[in-house]
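Student: my_file14.csv is reproduced in full below (CSV, C-alpha atoms).
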chain,number,residue,atom,x,y,z
A,12,MET,CA,0.0,0.0,0.0
A,13,THR,CA,2.9,2.3,0.9
A,14,GLU,CA,4.6,1.6,-2.5
A,15,SER,CA,1.3,2.3,-4.3
A,16,ARG,CA,0.8,5.6,-2.4
A,17,GLU,CA,4.4,6.6,-3.3
A,18,LEU,CA,3.9,5.8,-7.0
A,19,TYR,CA,0.7,7.8,-7.2
A,20,ALA,CA,2.3,10.8,-5.7
A,21,LEU,CA,5.2,10.5,-8.2
A,22,TYR,CA,2.7,10.0,-11.0
A,23,PHE,CA,1.1,13.3,-10.0
A,24,THR,CA,4.5,14.9,-10.0
A,25,ARG,CA,4.9,13.8,-13.6
A,26,PHE,CA,1.5,15.2,-14.3
A,27,ALA,CA,2.3,18.6,-12.8
A,28,ASN,CA,5.7,18.9,-14.6
A,29,SER,CA,4.2,18.0,-18.0
A,30,PHE,CA,1.2,20.2,-17.4
A,31,GLY,CA,3.5,23.2,-17.2
A,32,ILE,CA,5.7,22.3,-20.1
A,33,VAL,CA,2.8,21.7,-22.5
A,34,THR,CA,1.0,24.8,-21.4
A,35,LEU,CA,3.9,26.9,-22.4
A,36,LEU,CA,4.3,25.0,-25.7
A,37,THR,CA,0.6,25.7,-26.4
A,38,LEU,CA,1.1,29.4,-25.7
A,39,LEU,CA,4.4,29.6,-27.7
A,40,PRO,CA,2.8,30.8,-31.0
A,41,THR,CA,0.8,33.4,-29.0
A,42,TYR,CA,4.1,34.7,-27.5
A,43,ILE,CA,5.7,34.7,-30.9
A,44,ASP,CA,2.9,36.8,-32.3
A,45,LEU,CA,2.9,39.2,-29.4
A,46,LEU,CA,6.7,39.6,-29.0
A,47,ASP,CA,7.7,39.0,-32.7
A,48,PRO,CA,11.1,37.4,-32.3
A,49,GLN,CA,13.1,36.7,-35.4
A,50,GLY,CA,15.8,34.1,-36.5
A,51,PHE,CA,18.2,33.4,-33.6
A,52,VAL,CA,15.9,34.9,-30.9
A,53,LEU,CA,13.0,32.8,-32.3
A,54,GLY,CA,15.1,29.7,-31.8
A,55,MET,CA,15.9,30.8,-28.3
A,56,PHE,CA,12.2,30.7,-27.4
A,57,ALA,CA,12.6,26.9,-27.3
A,58,THR,CA,16.4,26.7,-26.6
A,59,GLY,CA,16.1,28.8,-23.5
A,60,LEU,CA,14.3,25.9,-21.9
A,61,THR,CA,16.5,23.1,-23.3
A,62,LEU,CA,19.9,25.0,-22.7
A,63,ALA,CA,19.0,25.4,-19.0
A,64,GLN,CA,18.0,21.7,-18.8
A,65,ALA,CA,21.3,20.7,-20.4
A,66,GLY,CA,23.3,22.6,-17.7
A,67,THR,CA,21.2,21.1,-14.9
A,68,VAL,CA,21.3,17.4,-15.8
A,69,VAL,CA,24.7,16.4,-14.3
A,70,PRO,CA,24.4,18.2,-11.0
A,71,VAL,CA,20.9,17.0,-10.5
A,72,SER,CA,21.8,13.4,-11.3
A,73,TYR,CA,24.8,13.5,-9.0
A,74,LEU,CA,22.8,15.1,-6.1
A,75,GLY,CA,19.9,12.7,-6.7
A,76,ASP,CA,22.1,9.6,-6.3
A,77,ARG,CA,24.2,11.0,-3.5
A,78,PHE,CA,21.5,12.5,-1.3
A,79,ASP,CA,17.7,12.2,-0.7
A,80,LYS,CA,15.9,12.4,-4.1
A,81,ARG,CA,12.6,13.2,-2.4
A,82,SER,CA,13.8,16.5,-0.8
A,83,ILE,CA,15.5,17.7,-4.0
A,84,LEU,CA,12.3,16.8,-6.0
A,85,VAL,CA,10.2,18.9,-3.6
A,86,GLY,CA,12.6,21.8,-4.1
A,87,GLY,CA,12.2,21.6,-7.8
A,88,LEU,CA,8.4,21.6,-7.6
A,89,VAL,CA,8.5,24.7,-5.4
A,90,LEU,CA,10.8,26.4,-7.9
A,91,ALA,CA,8.4,25.6,-10.7
A,92,ALA,CA,5.5,27.2,-8.8
A,93,LEU,CA,7.5,30.4,-8.4
A,94,VAL,CA,8.5,30.4,-12.0
A,95,TYR,CA,4.9,30.2,-13.2
A,96,GLY,CA,4.2,33.3,-11.1
A,97,LEU,CA,6.8,35.2,-13.2
A,98,PHE,CA,5.5,34.4,-16.6
A,99,PRO,CA,2.6,37.0,-16.5
A,100,LEU,CA,5.2,39.7,-15.9
A,101,VAL,CA,7.1,39.0,-19.1
A,102,ASP,CA,6.9,41.9,-21.7
A,103,SER,CA,10.0,41.3,-24.0
A,104,SER,CA,11.5,38.5,-26.0
A,105,TRP,CA,14.7,38.2,-23.8
A,106,GLU,CA,12.6,38.3,-20.6
A,107,PHE,CA,10.6,35.4,-22.0
A,108,VAL,CA,13.8,33.5,-22.8
A,109,PHE,CA,15.2,34.1,-19.2
A,110,VAL,CA,12.0,32.9,-17.4
A,111,ARG,CA,11.8,30.0,-19.8
A,112,GLY,CA,15.3,29.1,-18.7
A,113,LEU,CA,14.3,29.0,-15.1
A,114,GLN,CA,11.4,26.8,-16.1
A,115,GLY,CA,14.0,24.5,-17.7
A,116,VAL,CA,15.9,24.2,-14.4
A,117,ALA,CA,12.7,23.4,-12.4
A,118,ALA,CA,11.5,20.9,-15.1
A,119,THR,CA,14.8,19.0,-15.1
A,120,VAL,CA,14.7,18.6,-11.3
A,121,ALA,CA,11.1,17.5,-11.3
A,122,GLY,CA,11.2,15.4,-14.4
A,123,LEU,CA,14.5,13.6,-13.8
A,124,LEU,CA,14.1,12.8,-10.1
A,125,GLY,CA,10.4,12.0,-10.4
A,126,LEU,CA,11.2,9.5,-13.2
A,127,ALA,CA,14.2,8.1,-11.3
A,128,LEU,CA,12.1,7.4,-8.2
A,129,VAL,CA,9.4,5.7,-10.4
A,130,GLY,CA,12.1,3.5,-12.0
A,131,GLN,CA,13.6,2.7,-8.6
A,132,LEU,CA,10.3,1.7,-7.0
A,133,ALA,CA,9.1,-0.4,-10.0
A,134,ARG,CA,9.5,-4.1,-9.8
A,135,ASP,CA,12.1,-5.5,-12.3
A,136,SER,CA,9.6,-7.6,-14.2
A,137,GLU,CA,7.1,-4.7,-14.5
A,138,ARG,CA,9.4,-1.7,-15.1
A,139,GLY,CA,8.2,-1.0,-18.6
A,140,THR,CA,4.6,-1.2,-17.5
A,141,THR,CA,5.2,1.1,-14.5
A,142,ILE,CA,7.1,3.7,-16.6
A,143,GLY,CA,4.5,3.5,-19.3
A,144,THR,CA,1.8,4.2,-16.7
A,145,SER,CA,3.8,7.1,-15.3
A,146,ASN,CA,4.1,8.5,-18.9
A,147,ALA,CA,0.4,8.1,-19.3
A,148,TRP,CA,-0.1,10.5,-16.4
A,149,ARG,CA,2.4,12.8,-18.1
A,150,PHE,CA,0.4,12.8,-21.3
A,151,ALA,CA,-2.9,13.2,-19.5
A,152,ALA,CA,-1.4,16.4,-18.1
A,153,ALA,CA,-0.3,17.4,-21.6
A,154,ILE,CA,-3.9,17.0,-22.8
A,155,GLY,CA,-5.2,19.0,-19.9
A,156,GLY,CA,-2.5,21.6,-20.2
A,157,SER,CA,-3.0,22.2,-23.8
A,158,LEU,CA,-6.8,22.4,-23.7
A,159,SER,CA,-7.0,24.4,-20.5
A,160,ALA,CA,-4.3,26.8,-21.7
A,161,GLY,CA,-6.3,27.5,-24.9
A,162,ALA,CA,-9.6,27.8,-23.2
A,163,LEU,CA,-8.4,29.9,-20.2
A,164,TYR,CA,-6.2,32.2,-22.3
A,165,ASP,CA,-9.0,32.8,-24.9
A,166,ARG,CA,-11.4,33.9,-22.1
A,167,PHE,CA,-9.3,35.2,-19.2
A,168,GLY,CA,-5.7,35.9,-20.4
A,169,PHE,CA,-2.4,34.9,-19.0
A,170,ASP,CA,-3.1,35.4,-15.3
A,171,ALA,CA,-5.7,32.5,-15.1
A,172,VAL,CA,-3.4,30.1,-17.0
A,173,PHE,CA,-0.4,30.7,-14.8
A,174,GLY,CA,-2.4,30.8,-11.6
A,175,LEU,CA,-3.6,27.3,-12.3
A,176,LEU,CA,0.0,26.1,-12.9
A,177,LEU,CA,1.1,27.6,-9.6
A,178,VAL,CA,-1.6,25.7,-7.7
A,179,ILE,CA,-0.9,22.4,-9.5
A,180,CYS,CA,2.9,22.5,-8.8
A,181,SER,CA,2.3,23.5,-5.2
A,182,ALA,CA,-0.1,20.6,-4.7
A,183,ALA,CA,2.5,18.2,-6.3
A,184,ALA,CA,5.2,19.4,-3.9
A,185,LEU,CA,2.9,18.8,-0.9
A,186,ALA,CA,1.9,15.3,-2.2
A,187,VAL,CA,5.6,14.2,-2.5
A,188,TRP,CA,6.5,15.6,0.9
A,189,LEU,CA,3.6,13.8,2.6
A,190,TRP,CA,3.4,10.5,0.8
A,191,VAL,CA,6.9,9.7,-0.6
A,192,ASP,CA,9.3,8.1,1.9
A,193,PRO,CA,12.8,9.6,2.2
A,194,ASP,CA,15.1,8.0,-0.3
A,195,GLU,CA,17.9,5.9,1.3
A,196,THR,CA,19.3,4.2,-1.8
A,197,THR,CA,22.2,6.6,-2.1
A,198,THR,CA,25.4,5.7,-4.0
A,199,GLU,CA,29.0,6.8,-3.4
A,200,GLY,CA,31.2,8.3,-6.0
A,201,PHE,CA,30.2,9.6,-9.4
A,202,ALA,CA,27.9,7.0,-10.9
A,203,PHE,CA,27.3,9.2,-13.9
A,204,ALA,CA,30.8,8.5,-15.4
A,205,ASP,CA,30.5,4.7,-15.1
A,206,LEU,CA,27.1,4.5,-16.6
A,207,ALA,CA,28.1,6.8,-19.5
A,208,MET,CA,30.5,4.0,-20.6
A,209,ASN,CA,27.9,1.2,-20.2
A,210,ARG,CA,27.8,-0.8,-23.5
A,211,ARG,CA,24.0,-0.9,-23.8
A,212,ILE,CA,23.6,2.8,-22.9
A,213,LEU,CA,26.2,3.7,-25.5
A,214,THR,CA,24.3,1.7,-28.1
A,215,ILE,CA,20.9,3.4,-27.3
A,216,THR,CA,22.6,6.8,-27.3
A,217,SER,CA,23.7,6.3,-30.9
A,218,PHE,CA,20.0,6.5,-31.7
A,219,ARG,CA,18.9,9.0,-29.0
A,220,ALA,CA,21.4,11.8,-29.8
A,221,GLN,CA,20.0,12.1,-33.4
A,222,TYR,CA,16.4,11.3,-32.5
A,223,ALA,CA,16.4,14.3,-30.1
A,224,VAL,CA,16.7,16.6,-33.2
A,225,ALA,CA,13.6,14.9,-34.7
A,226,VAL,CA,11.4,15.1,-31.7
A,227,THR,CA,12.4,18.6,-30.6
A,228,LEU,CA,11.8,20.0,-34.1
A,229,VAL,CA,8.5,18.2,-34.6
A,230,ARG,CA,7.0,18.8,-31.2
A,231,THR,CA,8.0,22.4,-31.1
A,232,TRP,CA,7.0,23.3,-34.7
A,233,VAL,CA,3.6,21.5,-34.9
A,234,PRO,CA,1.9,24.1,-32.7
A,235,ILE,CA,3.9,26.9,-34.4
A,236,PHE,CA,2.9,25.5,-37.9
A,237,ALA,CA,-0.7,25.4,-36.7
A,238,GLY,CA,-0.8,28.8,-34.9
A,239,VAL,CA,1.4,31.4,-36.6
A,240,ALA,CA,0.2,33.6,-39.4
A,241,ALA,CA,0.1,32.2,-42.9
A,242,ALA,CA,2.4,35.0,-44.0
A,243,LYS,CA,5.1,33.4,-41.8
A,244,GLY,CA,4.6,29.9,-43.2
A,245,GLY,CA,2.0,28.6,-40.8
A,246,LEU,CA,-1.7,27.8,-41.0
A,247,GLY,CA,-2.8,30.9,-39.0
A,248,TYR,CA,-5.2,29.2,-36.6
A,249,ASN,CA,-4.6,31.9,-33.9
A,250,ALA,CA,-6.6,34.3,-36.1
A,251,ALA,CA,-9.7,32.1,-35.6
A,252,ILE,CA,-12.4,32.9,-32.9
A,253,ASN,CA,-10.9,30.4,-30.5
A,254,GLY,CA,-7.5,30.1,-32.2
A,255,VAL,CA,-5.3,29.1,-29.2
A,256,THR,CA,-7.9,26.4,-28.4
A,257,ALA,CA,-7.6,25.1,-31.9
A,258,VAL,CA,-3.9,24.8,-31.6
A,259,ALA,CA,-4.5,23.0,-28.3
A,260,VAL,CA,-6.7,20.4,-30.0
A,261,VAL,CA,-3.9,19.7,-32.4
A,262,LEU,CA,-1.4,19.2,-29.6
A,263,ALA,CA,-3.8,17.2,-27.5
A,264,ALA,CA,-4.2,14.6,-30.3
A,265,GLU,CA,-0.6,13.5,-29.9
A,266,LYS,CA,-0.8,13.4,-26.2
A,267,PHE,CA,-4.1,11.4,-26.1
A,268,THR,CA,-2.8,8.5,-28.3
A,269,ASN,CA,0.5,8.5,-26.4
A,270,MET,CA,-1.4,8.3,-23.1
A,271,LEU,CA,-3.7,5.5,-24.2
A,272,ALA,CA,-0.9,3.3,-25.7
A,273,GLN,CA,2.1,3.7,-23.4
A,274,PRO,CA,1.0,1.3,-20.5
A,275,TYR,CA,0.3,-1.4,-23.1
A,276,THR,CA,3.4,-0.9,-25.2
A,277,GLY,CA,5.5,-0.7,-22.0
A,278,SER,CA,4.1,-4.1,-21.0
A,279,LEU,CA,5.0,-5.5,-24.4
A,280,SER,CA,8.6,-4.3,-24.0
A,281,ASP,CA,8.7,-6.2,-20.6
A,282,ARG,CA,7.7,-9.4,-22.4
A,283,PHE,CA,9.5,-9.2,-25.8
A,284,GLY,CA,12.5,-7.0,-25.2
A,285,ARG,CA,13.3,-3.3,-25.6
A,286,ALA,CA,15.3,-2.8,-28.8
A,287,ARG,CA,12.7,-3.7,-31.5
A,288,PHE,CA,10.3,-1.2,-30.0
A,289,VAL,CA,12.9,1.6,-30.2
A,290,PHE,CA,13.6,0.7,-33.8
A,291,VAL,CA,10.0,0.5,-35.0
A,292,GLY,CA,8.9,3.6,-33.0
A,293,GLY,CA,11.7,5.7,-34.5
A,294,LEU,CA,11.0,4.6,-38.0
A,295,CYS,CA,7.3,5.4,-37.8
A,296,TYR,CA,8.0,8.8,-36.2
A,297,GLY,CA,10.2,9.9,-39.1
A,298,ALA,CA,7.6,8.7,-41.7
A,299,VAL,CA,4.7,10.7,-40.1
A,300,ALA,CA,6.8,13.8,-39.5
A,301,LEU,CA,7.7,13.8,-43.2
A,302,ALA,CA,4.0,14.1,-44.0
A,303,VAL,CA,3.1,17.1,-41.8
A,304,PRO,CA,3.9,19.9,-44.3
A,305,PHE,CA,1.5,18.2,-46.8
A,306,THR,CA,-1.6,18.5,-44.6
A,307,PRO,CA,-3.0,21.5,-46.6
A,308,ALA,CA,-2.7,19.5,-49.9
A,309,VAL,CA,-4.2,16.4,-48.2
A,310,GLY,CA,-7.1,18.5,-46.9
A,311,ALA,CA,-7.8,20.1,-50.2
A,312,ALA,CA,-7.6,16.8,-52.1
A,313,LEU,CA,-10.1,15.2,-49.7
A,314,GLY,CA,-12.4,18.3,-49.9
A,315,LEU,CA,-12.4,18.7,-46.1
A,316,PRO,CA,-14.1,21.7,-44.5
A,317,GLU,CA,-12.3,25.0,-43.8
A,318,SER,CA,-14.7,26.2,-41.1
A,319,TYR,CA,-15.7,24.5,-37.8
A,320,PRO,CA,-18.3,25.2,-35.1
A,321,PHE,CA,-16.8,27.0,-32.1
A,322,PHE,CA,-13.5,27.7,-33.9
A,323,GLY,CA,-14.7,29.5,-36.9
A,324,SER,CA,-12.5,29.6,-40.1
A,325,LEU,CA,-9.4,27.4,-39.9
A,326,SER,CA,-8.4,25.5,-43.1
A,327,ALA,CA,-8.8,22.2,-44.8
A,328,ALA,CA,-5.5,21.1,-43.2
A,329,PHE,CA,-7.0,21.0,-39.7
A,330,LEU,CA,-8.3,17.5,-39.6
A,331,PRO,CA,-5.2,16.0,-41.4
A,332,LEU,CA,-2.9,17.8,-39.0
A,333,VAL,CA,-4.9,16.4,-36.0
A,334,VAL,CA,-4.7,12.9,-37.4
A,335,LEU,CA,-1.0,13.1,-38.2
A,336,ASN,CA,-0.2,14.4,-34.7
A,337,ALA,CA,-2.2,11.6,-33.2
A,338,LEU,CA,-0.1,9.1,-35.3
A,339,LEU,CA,3.1,10.8,-34.0
A,340,GLY,CA,1.8,10.0,-30.5
A,341,VAL,CA,1.3,6.3,-31.5
A,342,ALA,CA,4.8,6.2,-32.9
A,343,ASP,CA,6.4,7.7,-29.8
A,344,SER,CA,4.4,5.4,-27.5
A,345,ILE,CA,6.1,2.4,-29.2
A,346,ARG,CA,9.6,3.8,-28.5
A,347,GLU,CA,9.5,5.7,-25.2
A,348,PRO,CA,8.6,3.2,-22.4
A,349,ALA,CA,11.1,0.7,-23.9
A,350,SER,CA,13.8,3.3,-24.1
A,351,MET,CA,13.2,4.5,-20.5
A,352,ALA,CA,13.0,1.0,-19.1
A,353,LEU,CA,16.3,0.2,-20.7
A,354,PHE,CA,18.0,3.0,-18.9
A,355,ALA,CA,16.3,2.1,-15.6
A,356,ASP,CA,17.4,-1.5,-16.1
A,357,GLU,CA,21.0,-0.5,-16.5
A,358,GLY,CA,20.9,2.0,-13.6
A,359,SER,CA,19.2,-0.2,-11.1
A,360,GLY,CA,21.4,-0.6,-8.0
A,361,SER,CA,24.2,1.5,-9.4
A,362,GLY,CA,22.6,5.0,-9.7
A,363,VAL,CA,19.2,5.2,-11.4
A,364,ALA,CA,19.2,9.0,-11.3
A,365,SER,CA,22.6,9.1,-13.1
A,366,SER,CA,21.3,6.6,-15.6
A,367,PHE,CA,18.4,8.8,-16.5
A,368,GLY,CA,20.8,11.7,-16.3
A,369,VAL,CA,22.9,10.2,-19.1
A,370,ARG,CA,19.6,9.7,-21.0
A,371,SER,CA,18.7,13.3,-20.6
A,372,LEU,CA,22.1,14.7,-21.3
A,373,VAL,CA,22.5,12.8,-24.6
A,374,TRP,CA,19.2,14.4,-25.6
A,375,ARG,CA,20.4,18.0,-24.8
A,376,PRO,CA,22.7,18.8,-27.8
A,377,GLY,CA,20.0,18.0,-30.3
A,378,SER,CA,17.3,19.7,-28.3
A,379,VAL,CA,19.4,22.9,-27.9
A,380,LEU,CA,20.6,23.1,-31.5
A,381,ALA,CA,17.5,21.9,-33.2
A,382,PRO,CA,15.3,24.9,-32.4
A,383,LEU,CA,18.1,27.3,-33.6
A,384,ALA,CA,18.2,25.4,-36.9
A,385,GLY,CA,14.4,25.4,-36.9
A,386,GLY,CA,14.3,29.2,-36.4
A,387,TRP,CA,16.8,29.7,-39.2
A,388,LEU,CA,14.9,27.4,-41.6
A,389,THR,CA,11.6,29.0,-40.8
A,390,THR,CA,12.9,32.5,-41.6
A,391,ASN,CA,15.1,31.6,-44.6
A,392,ALA,CA,13.9,28.4,-46.3
A,393,GLY,CA,10.3,27.8,-45.3
A,394,MET,CA,8.7,26.1,-42.3
A,395,GLU,CA,8.2,22.8,-44.2
A,396,TRP,CA,12.0,22.3,-44.1
A,397,VAL,CA,11.8,22.0,-40.3
A,398,PHE,CA,9.8,18.8,-40.7
A,399,TYR,CA,12.0,17.5,-43.4
A,400,LEU,CA,15.0,17.9,-41.2
A,401,GLY,CA,13.2,16.3,-38.3
A,402,ALA,CA,12.2,13.2,-40.4
A,403,ALA,CA,15.8,12.9,-41.7
A,404,ALA,CA,17.2,12.9,-38.1
A,405,ALA,CA,14.8,10.2,-37.1
A,406,PHE,CA,15.8,8.0,-40.0
A,407,THR,CA,19.6,8.5,-39.5
A,408,GLY,CA,19.1,7.7,-35.8
A,409,VAL,CA,17.3,4.4,-36.6
A,410,ALA,CA,20.0,3.6,-39.2
A,411,ALA,CA,22.8,4.1,-36.6
A,412,PHE,CA,21.0,2.0,-34.0
A,413,ILE,CA,20.3,-1.0,-36.2
A,414,GLY,CA,23.8,-0.8,-37.7
A,415,ILE,CA,25.4,-1.0,-34.2
A,416,LEU,CA,23.1,-3.8,-33.1
A,417,THR,CA,23.8,-5.8,-36.3
A,418,TYR,CA,27.6,-5.2,-35.9
A,419,GLN,CA,27.5,-6.3,-32.2
A,420,HIS,CA,25.0,-9.2,-32.4
A,421,GLY,CA,24.6,-10.1,-36.0
A,422,ARG,CA,21.2,-10.2,-37.9
A,423,GLY,CA,19.4,-11.1,-34.7
A,424,GLY,CA,20.6,-7.9,-32.9
A,425,LEU,CA,17.1,-6.6,-32.4
A,426,ALA,CA,16.1,-9.7,-30.4
A,427,GLU,CA,19.1,-9.4,-28.0
A,428,TRP,CA,17.6,-6.9,-25.6
Could you rewrite the structure in this file as C-alpha cells?
Tutor:
Amino acid sequence: MTESRELYALYFTRFANSFGIVTLLTLLPTYIDLLDPQGFVLGMFATGLTLAQAGTVVPVSYLGDRFDKRSILVGGLVLAALVYGLFPLVDSSWEFVFVRGLQGVAATVAGLLGLALVGQLARDSERGTTIGTSNAWRFAAAIGGSLSAGALYDRFGFDAVFGLLLVICSAAALAVWLWVDPDETTTEGFAFADLAMNRRILTITSFRAQYAVAVTLVRTWVPIFAGVAAAKGGLGYNAAINGVTAVAVVLAAEKFTNMLAQPYTGSLSDRFGRARFVFVGGLCYGAVALAVPFTPAVGAALGLPESYPFFGSLSAAFLPLVVLNALLGVADSIREPASMALFADEGSGSGVASSFGVRSLVWRPGSVLAPLAGGWLTTNAGMEWVFYLGAAAAFTGVAAFIGILTYQHGRGGLAEW
C-alpha cells in the first residue's frame, strides 16, 4: 500500500511537470505573435528551456544519487510554482527566454528525479509497464495543459493560466513531501561517469542523440505551424475565434494517443525486449513527421471543411494535422517506455538518477541546437524544411541504431535486448 501511495504521488509529479511544459508550448505561438522574435531569438524561445535543462542534468543526477531524491524533488516543484508566477510579468523576448530558462531548471529537477524514483520503485519484471503508466499521467497532463491553456487564455488571459499552474505545482510538492518516503538508496562516487560508458547505454545513445533533433523540431513546430500567421509559413489558426484552443486540440491529439498506448506498449517491452520497440517507433515517427507539411494538400484533395463550429474559419488542413499528430503519439508510444525501461534496467542498483541523467544529457545537444536550426529554416527556407530535417534525423538515428546492433549481435541484434 505504501509503495502504491508513493507511486501515485510520483505520477502526480509527472502530471504537474508535464502540465506546465505543454501549457507553455501551447502558448508559444501566442508569445511569438505578441513579441515578434526573429531568427536566432525565435530559436531561443525553445532553446532557453533546453539549454537550462542541459546545464542542470549532471548536478541534479549526482545530487539525486548522492542524497535524498525526495527532498530535492520537492525543491524543484516549489521552484516551478515560483517560475509560473513570473510568466505573466514578461513583456519582452529576452525576458521570456530568461524565465523559460528558469522553467527548464525546475522541469529538469522534477522530471529527472520523479522518473528516477518511479524507475527505482518499480519491480524489475514490471518496469516498462510502470514507466508506461507514469508516462500516461504525463500525457494526460499534456492534454489537460494544452486544452486548459487554450480555453483559459482565450477567455481570461495569461493570469488565469499561470495561476492554475502555480496551484498544481504546489499541490504536487505537498503530495511528494507527505506521501513519498525519504530515499535511502544513495550511492558513493560519481555513478554518472561509469554509466556513460555502459555498453548498452552507449548503443541506445547512438539513436537517441539524433532522435532528439527529430522530436524537438516536430513537437515544437507542430503548434507553431498550426498557430502562426500564414504569411510566416503557418496555418494561422490563432486568427480564428478560439485560435489558441484550436492549436491546443492539435497538440492534444498526440498526447491522447500516447497516453492510451504507453501502458500497453510498455508491458510489451517487458515481455518481448526493448530494442525492437525503439527501432519501430523511431522509423514510424520519421515517416509521419515527413507528411506534416503536406496536410494542406491532403485536406484540399479530400475536400475537407475549412470552417468549424466554435473555432470559426481554420483550413482544410485542420483534420489531417490532428490525425497526423495523433499518429506521432502512437509512434512515440512504441519507443518511449522501452527506451526509458532500458535506462532504468542499467541504472538499477548503481545509480538510477545518473542513468536517467545520461539519457537526458544525450538528448540535450540536439534539443538545444534543433530549435536554432528550426528558427533559421523557418525564416530563410520555409517552415516545411523544419519537418524534413526532423524526419531525416529520425531515419539516420534508426539507421545508426540498427547498424550498431547488427555489428555487435549479427542479424538477430534486435532480439538481444
Student: Distance atom CA of Ala259 of chain A-atom CA of Ser157 of chain A, one decimal place?
Tutor: 4.8 Å
Student: I'd like the interatomic distance between atom CA of Val397 of chain A and atom CA of Leu383 of chain A, to a tenth of an Å.
Tutor: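 Those two atoms sit 10.6 Å apart.
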Student: Neighbours of Ala117 of chain A within 6 Å (only C-alpha atoms; same-chain residues fewer than 5 positions away dropped), as a list in words?
Tutor: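 Once the nearby chain positions are removed, what remains is Gly87, Leu90 and Ala91 of chain A.
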Student: May I ask which of the residues A:Ser15, A:Ser350, A:Thr34, A:Thr214 is the closest one to Ala160 of chain A, counting all atoms listed in the file?
Tutor: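 Checking each candidate against Ala160 of chain A, we get A:Thr34 as the closest.
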Student: In Å to one decimal, how far is atom CA of Ala121 of chain A from atom CA of Asp102 of chain A?
Tutor: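 We find that atom CA of Asp102 of chain A and atom CA of Ala121 of chain A lie 26.9 Å from each other.
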Student: I need the residue nearest Arg81 of chain A from this list: A:Leu124, A:Met351, A:Leu53, A:Leu338. Use all atoms listed in the file for the distance.
Tutor: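 Using all atoms listed in the file, Arg81 of chain A sits closest to A:Leu124.
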Student: Applying 10 Å and only C-alpha atoms, which residues near segment 170-180 of chain A remain after dropping the ones on its own chain fewer than 2 positions away? List them as a JSON list (two decimals) with C-alpha atoms, keeping the file's coordinate frame.
Tutor:
[["chain", "number", "residue", "atom", "x", "y", "z"],
["A", 23, "PHE", "CA", 1.10, 13.30, -10.00],
["A", 24, "THR", "CA", 4.50, 14.90, -10.00],
["A", 26, "PHE", "CA", 1.50, 15.20, -14.30],
["A", 27, "ALA", "CA", 2.30, 18.60, -12.80],
["A", 28, "ASN", "CA", 5.70, 18.90, -14.60],
["A", 30, "PHE", "CA", 1.20, 20.20, -17.40],
["A", 31, "GLY", "CA", 3.50, 23.20, -17.20],
["A", 32, "ILE", "CA", 5.70, 22.30, -20.10],
["A", 34, "THR", "CA", 1.00, 24.80, -21.40],
["A", 35, "LEU", "CA", 3.90, 26.90, -22.40],
["A", 38, "LEU", "CA", 1.10, 29.40, -25.70],
["A", 85, "VAL", "CA", 10.20, 18.90, -3.60],
["A", 87, "GLY", "CA", 12.20, 21.60, -7.80],
["A", 88, "LEU", "CA", 8.40, 21.60, -7.60],
["A", 89, "VAL", "CA", 8.50, 24.70, -5.40],
["A", 90, "LEU", "CA", 10.80, 26.40, -7.90],
["A", 91, "ALA", "CA", 8.40, 25.60, -10.70],
["A", 92, "ALA", "CA", 5.50, 27.20, -8.80],
["A", 93, "LEU", "CA", 7.50, 30.40, -8.40],
["A", 94, "VAL", "CA", 8.50, 30.40, -12.00],
["A", 95, "TYR", "CA", 4.90, 30.20, -13.20],
["A", 96, "GLY", "CA", 4.20, 33.30, -11.10],
["A", 97, "LEU", "CA", 6.80, 35.20, -13.20],
["A", 98, "PHE", "CA", 5.50, 34.40, -16.60],
["A", 99, "PRO", "CA", 2.60, 37.00, -16.50],
["A", 100, "LEU", "CA", 5.20, 39.70, -15.90],
["A", 121, "ALA", "CA", 11.10, 17.50, -11.30],
["A", 156, "GLY", "CA", -2.50, 21.60, -20.20],
["A", 159, "SER", "CA", -7.00, 24.40, -20.50],
["A", 160, "ALA", "CA", -4.30, 26.80, -21.70],
["A", 161, "GLY", "CA", -6.30, 27.50, -24.90],
["A", 162, "ALA", "CA", -9.60, 27.80, -23.20],
["A", 163, "LEU", "CA", -8.40, 29.90, -20.20],
["A", 164, "TYR", "CA", -6.20, 32.20, -22.30],
["A", 166, "ARG", "CA", -11.40, 33.90, -22.10],
["A", 167, "PHE", "CA", -9.30, 35.20, -19.20],
["A", 168, "GLY", "CA", -5.70, 35.90, -20.40],
["A", 182, "ALA", "CA", -0.10, 20.60, -4.70],
["A", 183, "ALA", "CA", 2.50, 18.20, -6.30],
["A", 184, "ALA", "CA", 5.20, 19.40, -3.90],
["A", 185, "LEU", "CA", 2.90, 18.80, -0.90],
["A", 186, "ALA", "CA", 1.90, 15.30, -2.20]]
Student: Produce the centre coordinates and the three edge lengths, each in Å to one decimal, of the box along x, y and z that contains all listed atoms of segment 104-109 of chain A with 3 Å added on each side, as JSON.
Tutor:
{"center_x": 12.9, "center_y": 36.0, "center_z": -22.6, "size_x": 10.6, "size_y": 11.0, "size_z": 12.8}
Student: When distances are computed from only C-alpha atoms, which of A:Asp343, A:Glu265, A:Glu17, A:Glu395 shows the smallest separation from Ala153 of chain A?
Tutor: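 Nearest to Ala153 of chain A: A:Glu265.
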Student: Quick one: everything within 9 Å of Arg138 of chain A, counting only C-alpha atoms, minus sequence neighbours fewer than 3 positions away in the same chain. Send it as a list in words.
Tutor: Val129, Gly130, Gln131, Leu132, Ala133, Arg134, Asp135, Thr141, Ile142, Gly143, Gly277, Ser278, Asp281, Pro348, Ala352, Ala355 and Asp356 of chain A
Student: Tell me, as a PDB file with C-alpha atoms, in the coordinates of the input, which residues lie within 9 Å of Leu400 of chain A, counting only C-alpha atoms; anything in the same chain fewer than 3 positions away does not count.
Tutor:
ATOM      1  CA  VAL A 224      16.700  16.600 -33.200  1.00  0.00           C
ATOM      2  CA  ALA A 225      13.600  14.900 -34.700  1.00  0.00           C
ATOM      3  CA  LEU A 228      11.800  20.000 -34.100  1.00  0.00           C
ATOM      4  CA  LEU A 301       7.700  13.800 -43.200  1.00  0.00           C
ATOM      5  CA  GLY A 385      14.400  25.400 -36.900  1.00  0.00           C
ATOM      6  CA  GLU A 395       8.200  22.800 -44.200  1.00  0.00           C
ATOM      7  CA  TRP A 396      12.000  22.300 -44.100  1.00  0.00           C
ATOM      8  CA  VAL A 397      11.800  22.000 -40.300  1.00  0.00           C
ATOM      9  CA  ALA A 403      15.800  12.900 -41.700  1.00  0.00           C
ATOM     10  CA  ALA A 404      17.200  12.900 -38.100  1.00  0.00           C
ATOM     11  CA  ALA A 405      14.800  10.200 -37.100  1.00  0.00           C
TER      12      ALA A 405
END
